[in-house]
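Read the structure below first, then the notes.
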Number of protein chains: 2
Amino acid sequence: MAVNAAGRNIPNNIPGYGDVLPFRGHTKRLPKGNRFGKKNRATFNTRTDKTLPNLKAAIKASGLQSGMTISFHHHLRNGDYVVNMVLDACYELGIKELVVFPTALFGVHKHLTKHIQKGVIKQIQGSVNGPIGQLASEGGMELPVVLRSHGGRPRAVMSGDVHIDVAFIAAPTADRYGNLSGAHGESACGALGYAHTDADYAECVVAVTDNLVNYPALDIQIPQTQVDYVVEVEKIGDPAGIVSGTTRVTRDPMRLLIARYAARLIEASPYFKEGISFQTGAGGISLAAAAYVRDAMRERGIKGSFGLGGITSFFVDMLEEGLFEQLLDVQSFDLAAVESISRNARHVEISADWYANPWNAGCTVNMLDAVVLGATEVDRKFNVNVNTEADGALLHGIGGHQDTASGAKLTIITTPLLRGRIPSVVDSVYTVTTPGEVVDAVVTEFGIAINPNRKDLIEAAKSDPEIPLVTIDDLVEKAQKLTGPMAPVEVEDRIIGVIEYRDGSVIDVVRQLKKK
Amino acid sequence: MAVNAAGRNIPNNIPGYGDVLPFRGHTKRLPKGNRFGKKNRATFNTRTDKTLPNLKAAIKASGLQSGMTISFHHHLRNGDYVVNMVLDACYELGIKELVVFPTALFGVHKHLTKHIQKGVIKQIQGSVNGPIGQLASEGGMELPVVLRSHGGRPRAVMSGDVHIDVAFIAAPTADRYGNLSGAHGESACGALGYAHTDADYAECVVAVTDNLVNYPALDIQIPQTQVDYVVEVEKIGDPAGIVSGTTRVTRDPMRLLIARYAARLIEASPYFKEGISFQTGAGGISLAAAAYVRDAMRERGIKGSFGLGGITSFFVDMLEEGLFEQLLDVQSFDLAAVESISRNARHVEISADWYANPWNAGCTVNMLDAVVLGATEVDRKFNVNVNTEADGALLHGIGGHQDTASGAKLTIITTPLLRGRIPSVVDSVYTVTTPGEVVDAVVTEFGIAINPNRKDLIEAAKSDPEIPLVTIDDLVEKAQKLTGPMAPVEVEDRIIGVIEYRDGSVIDVVRQLKKK
């Protein structure tokens, strides 16, 4: 055991994970070694059609064996059919003990439970939003879930920490030689940002599509040079679950107040000027904060440089209004974003590597001025938890939280002080996702606490008398007064989740819930 | 010494090149090992401006040392200033014995002669069009020039055969964080296709630009994730030498006849149908052949799938007329092509890897129906020489000749039977660039010789009574009658050039010219 820089006492070795590199601070780990290189292969003009009749044929052709690692991307979100289809086919082929390496799993992947129980799946390395996270938390998986951020995942692949044997890519459009696009087709999802590293580094790449078009496909995002087989299926997903019709600003007065405070802090900061860049999530508070910032940009005649992240109609409107020069889009959240990326050269698809990987020549989060992020909990040291719920269950992924917080000049966490009777600002978070050293401010309906390391920001905030400055201790005490003491989470010793920091060190672990 | 599959007797080891892998046939070499991976590196938000004040500062920052390998791309062609500037700076910094690894050098690079003579440059691995080729042919370089095709070069880099220490990328547009575009700026050159592999695999990447723009640059072709330093200079090139104003169809009646024959052969082939794809060069005969094919497409109402290659205004017009679905562009030859790629989503930039590398999951030449190529010489076995002139001087690169010939279903070589008093169809070519096994037909003003292996094509050609079928022996004899016996090239034993086949084997060597 050793205490890491986030104050967590973590074993030196975790069964099913291996040796632990303790988190030492957000810029402390410098890389060694070389990038991974997959096996060389040759292709000639003797096979100009990469289609195979069905998934089983492709799995056989890929050479997939029990014990190997298979990857998926999550742009089809809760509408995805491909992950379940592939695991069903593996089960039917008698393939077992797979390591599943998705960028994220959703409610629809509850279907995997049976494959976990039957031993088709040995481990999941990737975000487990919802039911599979609950299953893992209750001890239902043999090996721990390993979580990585959107930037940490390509880092792990490119450095060779994770070796992908076969990548399955859900492709809204494909041609017979393996050029893929997310911009077109009935299952269009826009950007395919999370799939790029898998396509480039997996030993074998299988594209699964429901829109097979003539060569060459239009608006190619993943090229034929990276794709070995193409399988046509009836449907790769349910459009209703892939993109939401629209993304909405919150109407809740308390959440609007938090958004207003967050926007005021951005406006008071030195970053609110010509060329500002920012990212907000697709949640209600985030979108509302973006709306307030947009209004201030209009008012003061400020034009931004780029909007980043998962992209919504809100940012598309800002682009079209001329408030951004470009949108850099790793994942398109709604129909307006999908439609925009297919026609506007200023709406650019970027890979997760480009978005957030700390181990390349420079990812985009480093150029961010401001980011507005959410939290399940924040603590006195500004550490943030987005992974576990109040009961200790591992129900959420890291997303780009660590990455944008580390890269942006101004990282703002917005959260109601309480959710129901549960405090969000606490003595010490149950799980550290993002270390306090990269968090600049916590914004609640009871005021804004700025990280004492950011004296410059505190001074800037004082210039706006409407910004209600408080200390983080004020917030913790206020929350404690309102809720009274909370019963601690009761857990077993057994580790069921490993939270990697974006540099591949371990920032925290999650333990199995005590049976009730 | 060993005789390879092209019938050439080549030493097992060549000083300055190393062990020779003999060419064994165009699909015979299967790869082993893994792709190369460059050193991992980390970047944080502590350096968000990659610009340095000048080239020397960037060279110092790159860690470039004597004996290392530096690379360049040739999209600025005979207008390029960057290669000369970089070598001048290396000279002034006292850096010596460099291996220069350009995609191609042109007349403007005659300037390098002094750096070769002073020992700044130890070897050139890349096409040497013109004066540097002449210098090498006369024995002016210590180590042999190594030539690779447009597909063989990325293969060599990705497999680790060639290790690039520092890549210098001439960038018509760049932002301060290293996003590069060829589509905009006074030195706009359109596609940057040959630069992609260098950007991805070099240990360090230095962009040189004369158009530094706000972040993020528009129409990014090479992303910030691959670029370490950016240097702004006054001019990266002379626009007049970068792109030609227009590319013109030949008006010479004999050349028009050859083009007509080539087009007739395409039209008679089974590939002339809906969805046809083709590539022609930018030379007069090639463009004329394309014009005849275009006319036949209009006449018969045939719509093509894609036009490939170096792209000219001619193909742009076909795209806009709806005769192609898309253009796949590794290098834009004229102003119309540069303008088109910057605005038309159906005019797509592809990398050299995507275009022609035999060692990925499938390059585009494999999808080509027909290609029309030139030759200095063709012989009785259909072997083609595009590298050496009649006097034995190594004056031309391979380009995509080997790649397209290997990939296309129909490979047509067009050449006048004689050039002046020199025959183009001979007993045995002086240098084998492309092996006869991948050449389907030789088209001259005296008739078309089809490779006897292509009985299907001979049958198809017979269906058109206007196609003047002859044998290759007919053409050789006709040429010999017209010219009389030719004096053989007189050479020393010393090897001054190594011609690699696209798979990394050696298909031929070029020897030093005898002093006259």
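Starting from 1 in every chain, residues are counted up; chains themselves are A, B, ... following the order of the structure tokens, and ligands are numbered from 1 as listed.
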- With a cut-off of 8 Å and counting only C-alpha atoms, select all residues of chain B in contact with chain A and give the selection as an NGL selection string. :B and (27 or 30-45 or 48 or 159 or 177 or 215-216 or 218-219 or 223-228 or 305-306 or 326 or 345-346 or 353-354 or 358-363 or 365-367 or 406-408)
- Within 9 Å of Ala460 (chain B) using only C-alpha atoms, minus same-chain residues under 5 positions, as a PyMOL selection string: chain B and resi 265+268-270+455
Could you take the residues named above and write them with N, CA and C atoms, as a short mmCIF file (atom, residue, chain, number, x, y, z; two decimals), in the first residue's frame?
data_model
loop_
_atom_site.label_atom_id
_atom_site.label_comp_id
_atom_site.auth_asym_id
_atom_site.auth_seq_id
_atom_site.Cartn_x
_atom_site.Cartn_y
_atom_site.Cartn_z
N LEU B 265 -8.67 1.49 -75.91
CA LEU B 265 -8.43 0.25 -75.16
C LEU B 265 -9.24 0.24 -73.86
N ALA B 268 -12.82 -0.43 -74.69
CA ALA B 268 -13.08 -1.81 -75.11
C ALA B 268 -12.97 -2.79 -73.94
N SER B 269 -12.37 -2.34 -72.85
CA SER B 269 -12.13 -3.24 -71.71
C SER B 269 -13.40 -3.46 -70.91
N PRO B 270 -13.43 -4.51 -70.08
CA PRO B 270 -14.63 -4.73 -69.25
C PRO B 270 -14.80 -3.68 -68.16
N LYS B 455 -4.90 -12.53 -71.78
CA LYS B 455 -5.66 -13.04 -72.94
C LYS B 455 -7.06 -12.43 -72.98
#
- Query: So how many Å separate CA of Val213 (chain A) and CA of Thr103 (chain A), to one decimal?
  - Reply: 26.5 Å
- Message: Residues within 7 Å of region 69-86 of chain A, please, as a PyMOL selection string. Count only C-alpha atoms; anything in the same chain fewer than 5 positions from it doesn't count.
- Response: chain A and resi 55+98-109+111-112+164-170+189+192+194-195+236-242+331
- Message: Using DSSP assignments from the backbone, pull out every residue in region 137-333 of chain B that falls under strand (DSSP E) and give it to me as an MDAnalysis selection string.
- Response: chainID B and resid 145:147 166:171 173:175 180:181 204:209 212:213 229:232 278:280 306:311 326:332
When you look at region 426-440 of chain A with a cut-off of 9 Å (counting only C-alpha atoms), what residues show up, excluding the ones that are within fewer than 5 positions of it in the same chain? I need them as a PDB file with N, CA and C atoms, in the first residue's frame.
ATOM      1  N   ALA A   5      -0.863  11.019  -4.479  1.00  0.00           N
ATOM      2  CA  ALA A   5      -0.941  12.473  -4.343  1.00  0.00           C
ATOM      3  C   ALA A   5      -2.367  12.970  -4.155  1.00  0.00           C
ATOM      4  N   ALA A   6      -3.341  12.092  -4.351  1.00  0.00           N
ATOM      5  CA  ALA A   6      -4.726  12.465  -4.050  1.00  0.00           C
ATOM      6  C   ALA A   6      -5.104  12.005  -2.643  1.00  0.00           C
ATOM      7  N   ARG A   8      -4.974   8.947  -1.396  1.00  0.00           N
ATOM      8  CA  ARG A   8      -5.634   7.641  -1.353  1.00  0.00           C
ATOM      9  C   ARG A   8      -4.616   6.541  -1.100  1.00  0.00           C
ATOM     10  N   GLY A  25       0.495  13.672  -9.204  1.00  0.00           N
ATOM     11  CA  GLY A  25       0.266  15.077  -9.553  1.00  0.00           C
ATOM     12  C   GLY A  25       0.040  15.178 -11.049  1.00  0.00           C
ATOM     13  N   HIS A  26      -0.675  16.189 -11.481  1.00  0.00           N
ATOM     14  CA  HIS A  26      -1.253  16.121 -12.833  1.00  0.00           C
ATOM     15  C   HIS A  26      -0.233  16.272 -13.966  1.00  0.00           C
ATOM     16  N   THR A 376     -20.529  14.692  -8.928  1.00  0.00           N
ATOM     17  CA  THR A 376     -21.378  14.072  -7.913  1.00  0.00           C
ATOM     18  C   THR A 376     -21.038  14.676  -6.555  1.00  0.00           C
ATOM     19  N   GLU A 377     -19.747  14.832  -6.322  1.00  0.00           N
ATOM     20  CA  GLU A 377     -19.255  15.416  -5.074  1.00  0.00           C
ATOM     21  C   GLU A 377     -17.995  16.236  -5.351  1.00  0.00           C
ATOM     22  N   VAL A 378     -17.781  17.242  -4.521  1.00  0.00           N
ATOM     23  CA  VAL A 378     -16.509  17.981  -4.486  1.00  0.00           C
ATOM     24  C   VAL A 378     -16.105  18.051  -3.020  1.00  0.00           C
ATOM     25  N   ASP A 379     -14.790  18.115  -2.758  1.00  0.00           N
ATOM     26  CA  ASP A 379     -14.414  18.184  -1.341  1.00  0.00           C
ATOM     27  C   ASP A 379     -13.563  19.409  -1.025  1.00  0.00           C
ATOM     28  N   ARG A 380     -13.137  19.471   0.244  1.00  0.00           N
ATOM     29  CA  ARG A 380     -12.416  20.652   0.728  1.00  0.00           C
ATOM     30  C   ARG A 380     -11.136  20.921  -0.066  1.00  0.00           C
ATOM     31  N   LYS A 381     -10.564  19.865  -0.636  1.00  0.00           N
ATOM     32  CA  LYS A 381      -9.349  20.029  -1.445  1.00  0.00           C
ATOM     33  C   LYS A 381      -9.668  20.223  -2.927  1.00  0.00           C
ATOM     34  N   PHE A 382     -10.939  20.449  -3.207  1.00  0.00           N
ATOM     35  CA  PHE A 382     -11.421  20.643  -4.591  1.00  0.00           C
ATOM     36  C   PHE A 382     -11.352  19.376  -5.438  1.00  0.00           C
ATOM     37  N   ASN A 383     -11.048  18.237  -4.810  1.00  0.00           N
ATOM     38  CA  ASN A 383     -11.140  16.977  -5.540  1.00  0.00           C
ATOM     39  C   ASN A 383     -12.580  16.749  -5.981  1.00  0.00           C
ATOM     40  N   VAL A 384     -12.732  16.161  -7.167  1.00  0.00           N
ATOM     41  CA  VAL A 384     -14.073  15.937  -7.710  1.00  0.00           C
ATOM     42  C   VAL A 384     -14.309  14.445  -7.929  1.00  0.00           C
ATOM     43  N   ASN A 385     -15.513  14.017  -7.604  1.00  0.00           N
ATOM     44  CA  ASN A 385     -15.975  12.661  -7.883  1.00  0.00           C
ATOM     45  C   ASN A 385     -17.092  12.737  -8.907  1.00  0.00           C
ATOM     46  N   VAL A 386     -16.901  12.071 -10.044  1.00  0.00           N
ATOM     47  CA  VAL A 386     -18.032  11.923 -10.974  1.00  0.00           C
ATOM     48  C   VAL A 386     -18.365  10.450 -11.200  1.00  0.00           C
ATOM     49  N   ASN A 387     -17.634   9.555 -10.557  1.00  0.00           N
ATOM     50  CA  ASN A 387     -17.786   8.127 -10.848  1.00  0.00           C
ATOM     51  C   ASN A 387     -18.800   7.408  -9.978  1.00  0.00           C
ATOM     52  N   THR A 388     -18.758   7.664  -8.663  1.00  0.00           N
ATOM     53  CA  THR A 388     -19.622   6.890  -7.772  1.00  0.00           C
ATOM     54  C   THR A 388     -20.745   7.741  -7.211  1.00  0.00           C
ATOM     55  N   GLU A 389     -21.862   7.069  -6.967  1.00  0.00           N
ATOM     56  CA  GLU A 389     -23.020   7.714  -6.363  1.00  0.00           C
ATOM     57  C   GLU A 389     -22.882   7.702  -4.840  1.00  0.00           C
ATOM     58  N   ALA A 390     -23.833   8.346  -4.195  1.00  0.00           N
ATOM     59  CA  ALA A 390     -23.775   8.485  -2.736  1.00  0.00           C
ATOM     60  C   ALA A 390     -23.708   7.137  -2.018  1.00  0.00           C
ATOM     61  N   GLY A 392     -22.040   4.652  -3.056  1.00  0.00           N
ATOM     62  CA  GLY A 392     -20.774   3.992  -3.359  1.00  0.00           C
ATOM     63  C   GLY A 392     -20.769   3.188  -4.637  1.00  0.00           C
ATOM     64  N   ILE A 398     -15.578   8.552 -16.562  1.00  0.00           N
ATOM     65  CA  ILE A 398     -14.805   9.777 -16.342  1.00  0.00           C
ATOM     66  C   ILE A 398     -15.093  10.793 -17.442  1.00  0.00           C
ATOM     67  N   HIS A 401     -13.616  14.634 -18.132  1.00  0.00           N
ATOM     68  CA  HIS A 401     -13.520  15.462 -16.921  1.00  0.00           C
ATOM     69  C   HIS A 401     -12.084  15.770 -16.538  1.00  0.00           C
ATOM     70  N   GLN A 402     -11.270  14.716 -16.373  1.00  0.00           N
ATOM     71  CA  GLN A 402      -9.865  14.925 -15.982  1.00  0.00           C
ATOM     72  C   GLN A 402      -9.114  15.757 -17.021  1.00  0.00           C
ATOM     73  N   ASP A 403      -9.426  15.480 -18.294  1.00  0.00           N
ATOM     74  CA  ASP A 403      -8.665  16.078 -19.389  1.00  0.00           C
ATOM     75  C   ASP A 403      -8.911  17.576 -19.509  1.00  0.00           C
ATOM     76  N   ALA A 405     -10.329  19.518 -17.299  1.00  0.00           N
ATOM     77  CA  ALA A 405      -9.943  20.193 -16.066  1.00  0.00           C
ATOM     78  C   ALA A 405      -8.445  20.464 -16.059  1.00  0.00           C
ATOM     79  N   SER A 406      -7.673  19.503 -16.533  1.00  0.00           N
ATOM     80  CA  SER A 406      -6.222  19.672 -16.561  1.00  0.00           C
ATOM     81  C   SER A 406      -5.806  20.697 -17.603  1.00  0.00           C
ATOM     82  N   GLY A 407      -6.510  20.734 -18.727  1.00  0.00           N
ATOM     83  CA  GLY A 407      -6.075  21.584 -19.829  1.00  0.00           C
ATOM     84  C   GLY A 407      -6.567  23.019 -19.762  1.00  0.00           C
ATOM     85  N   ALA A 408      -7.807  23.211 -19.302  1.00  0.00           N
ATOM     86  CA  ALA A 408      -8.418  24.545 -19.396  1.00  0.00           C
ATOM     87  C   ALA A 408      -7.756  25.534 -18.443  1.00  0.00           C
ATOM     88  N   LYS A 409      -7.746  26.797 -18.850  1.00  0.00           N
ATOM     89  CA  LYS A 409      -7.208  27.844 -17.976  1.00  0.00           C
ATOM     90  C   LYS A 409      -8.156  28.110 -16.812  1.00  0.00           C
ATOM     91  N   LEU A 410      -9.431  27.837 -17.016  1.00  0.00           N
ATOM     92  CA  LEU A 410     -10.428  28.067 -15.970  1.00  0.00           C
ATOM     93  C   LEU A 410     -11.367  26.870 -15.919  1.00  0.00           C
ATOM     94  N   THR A 411     -11.262  26.097 -14.851  1.00  0.00           N
ATOM     95  CA  THR A 411     -12.093  24.902 -14.689  1.00  0.00           C
ATOM     96  C   THR A 411     -13.119  25.158 -13.602  1.00  0.00           C
ATOM     97  N   ILE A 412     -14.361  25.158 -14.013  1.00  0.00           N
ATOM     98  CA  ILE A 412     -15.459  25.462 -13.095  1.00  0.00           C
ATOM     99  C   ILE A 412     -16.297  24.209 -12.890  1.00  0.00           C
ATOM    100  N   ILE A 413     -16.503  23.854 -11.627  1.00  0.00           N
ATOM    101  CA  ILE A 413     -17.409  22.751 -11.291  1.00  0.00           C
ATOM    102  C   ILE A 413     -18.716  23.358 -10.817  1.00  0.00           C
ATOM    103  N   ALA A 449     -16.888  29.054  -4.545  1.00  0.00           N
ATOM    104  CA  ALA A 449     -15.622  28.884  -3.820  1.00  0.00           C
ATOM    105  C   ALA A 449     -14.507  28.746  -4.849  1.00  0.00           C
ATOM    106  N   ILE A 450     -13.522  29.640  -4.769  1.00  0.00           N
ATOM    107  CA  ILE A 450     -12.400  29.594  -5.709  1.00  0.00           C
ATOM    108  C   ILE A 450     -11.212  28.944  -5.022  1.00  0.00           C
ATOM    109  N   ASN A 451     -10.526  28.086  -5.753  1.00  0.00           N
ATOM    110  CA  ASN A 451      -9.341  27.401  -5.224  1.00  0.00           C
ATOM    111  C   ASN A 451      -8.329  28.443  -4.739  1.00  0.00           C
ATOM    112  N   PRO A 452      -7.900  28.347  -3.456  1.00  0.00           N
ATOM    113  CA  PRO A 452      -7.000  29.372  -2.904  1.00  0.00           C
ATOM    114  C   PRO A 452      -5.702  29.526  -3.704  1.00  0.00           C
ATOM    115  N   ASN A 453      -5.317  28.480  -4.478  1.00  0.00           N
ATOM    116  CA  ASN A 453      -4.135  28.608  -5.344  1.00  0.00           C
ATOM    117  C   ASN A 453      -4.346  29.636  -6.450  1.00  0.00           C
ATOM    118  N   ARG A 454      -5.595  29.952  -6.753  1.00  0.00           N
ATOM    119  CA  ARG A 454      -5.894  30.877  -7.862  1.00  0.00           C
ATOM    120  C   ARG A 454      -6.196  32.267  -7.304  1.00  0.00           C
ATOM    121  N   LEU A 457      -7.569  34.676  -9.730  1.00  0.00           N
ATOM    122  CA  LEU A 457      -8.982  34.509 -10.061  1.00  0.00           C
ATOM    123  C   LEU A 457      -9.868  35.089  -8.959  1.00  0.00           C
ATOM    124  N   ASP A 473     -14.736  25.727   2.594  1.00  0.00           N
ATOM    125  CA  ASP A 473     -15.137  25.297   3.940  1.00  0.00           C
ATOM    126  C   ASP A 473     -16.537  25.815   4.281  1.00  0.00           C
ATOM    127  N   LEU A 475     -18.908  26.194   2.228  1.00  0.00           N
ATOM    128  CA  LEU A 475     -19.878  25.340   1.526  1.00  0.00           C
ATOM    129  C   LEU A 475     -20.042  23.998   2.233  1.00  0.00           C
ATOM    130  N   VAL A 476     -18.913  23.435   2.664  1.00  0.00           N
ATOM    131  CA  VAL A 476     -18.983  22.146   3.360  1.00  0.00           C
ATOM    132  C   VAL A 476     -19.827  22.291   4.629  1.00  0.00           C
ATOM    133  N   GLU A 477     -19.580  23.363   5.375  1.00  0.00           N
ATOM    134  CA  GLU A 477     -20.303  23.536   6.629  1.00  0.00           C
ATOM    135  C   GLU A 477     -21.791  23.810   6.405  1.00  0.00           C
ATOM    136  N   ALA A 479     -23.530  22.749   3.924  1.00  0.00           N
ATOM    137  CA  ALA A 479     -24.152  21.482   3.525  1.00  0.00           C
ATOM    138  C   ALA A 479     -24.355  20.586   4.743  1.00  0.00           C
ATOM    139  N   GLN A 480     -23.344  20.548   5.595  1.00  0.00           N
ATOM    140  CA  GLN A 480     -23.447  19.678   6.779  1.00  0.00           C
ATOM    141  C   GLN A 480     -24.583  20.128   7.695  1.00  0.00           C
ATOM    142  N   VAL A 489     -20.276   5.115   3.503  1.00  0.00           N
ATOM    143  CA  VAL A 489     -20.532   3.999   2.591  1.00  0.00           C
ATOM    144  C   VAL A 489     -19.923   2.733   3.180  1.00  0.00           C
ATOM    145  N   ILE A 499      -9.664   3.604 -10.907  1.00  0.00           N
ATOM    146  CA  ILE A 499      -9.812   4.891 -11.592  1.00  0.00           C
ATOM    147  C   ILE A 499      -8.417   5.369 -11.987  1.00  0.00           C
ATOM    148  N   GLU A 500      -8.132   5.297 -13.272  1.00  0.00           N
ATOM    149  CA  GLU A 500      -6.839   5.811 -13.728  1.00  0.00           C
ATOM    150  C   GLU A 500      -6.922   7.316 -13.929  1.00  0.00           C
ATOM    151  N   TYR A 501      -5.825   7.990 -13.613  1.00  0.00           N
ATOM    152  CA  TYR A 501      -5.702   9.362 -14.058  1.00  0.00           C
ATOM    153  C   TYR A 501      -5.332   9.324 -15.540  1.00  0.00           C
ATOM    154  N   ILE A 507      -5.437   6.972  -9.595  1.00  0.00           N
ATOM    155  CA  ILE A 507      -5.806   8.063  -8.685  1.00  0.00           C
ATOM    156  C   ILE A 507      -6.736   7.575  -7.579  1.00  0.00           C
ATOM    157  N   ASP A 508      -7.480   6.515  -7.843  1.00  0.00           N
ATOM    158  CA  ASP A 508      -8.342   5.977  -6.783  1.00  0.00           C
ATOM    159  C   ASP A 508      -8.825   4.581  -7.181  1.00  0.00           C
ATOM    160  N   VAL A 509      -9.420   3.902  -6.207  1.00  0.00           N
ATOM    161  CA  VAL A 509     -10.045   2.615  -6.481  1.00  0.00           C
ATOM    162  C   VAL A 509     -11.456   2.637  -5.893  1.00  0.00           C
ATOM    163  N   VAL A 510     -12.293   1.733  -6.383  1.00  0.00           N
ATOM    164  CA  VAL A 510     -13.663   1.615  -5.877  1.00  0.00           C
ATOM    165  C   VAL A 510     -13.830   0.196  -5.350  1.00  0.00           C
TER     166      VAL A 510
END
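The nearest approach to Thr197 (chain A) among the residues A:Val162, A:Ala259, A:Val230, A:Leu143, with only C-alpha atoms taken into account, belongs to A:Val162.
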- Mind listing the helix (DSSP H, G or I) residues of region 305-352 of chain A, per DSSP on the backbone, as a PyMOL selection string? chain A and resi 313-320+335-341+352
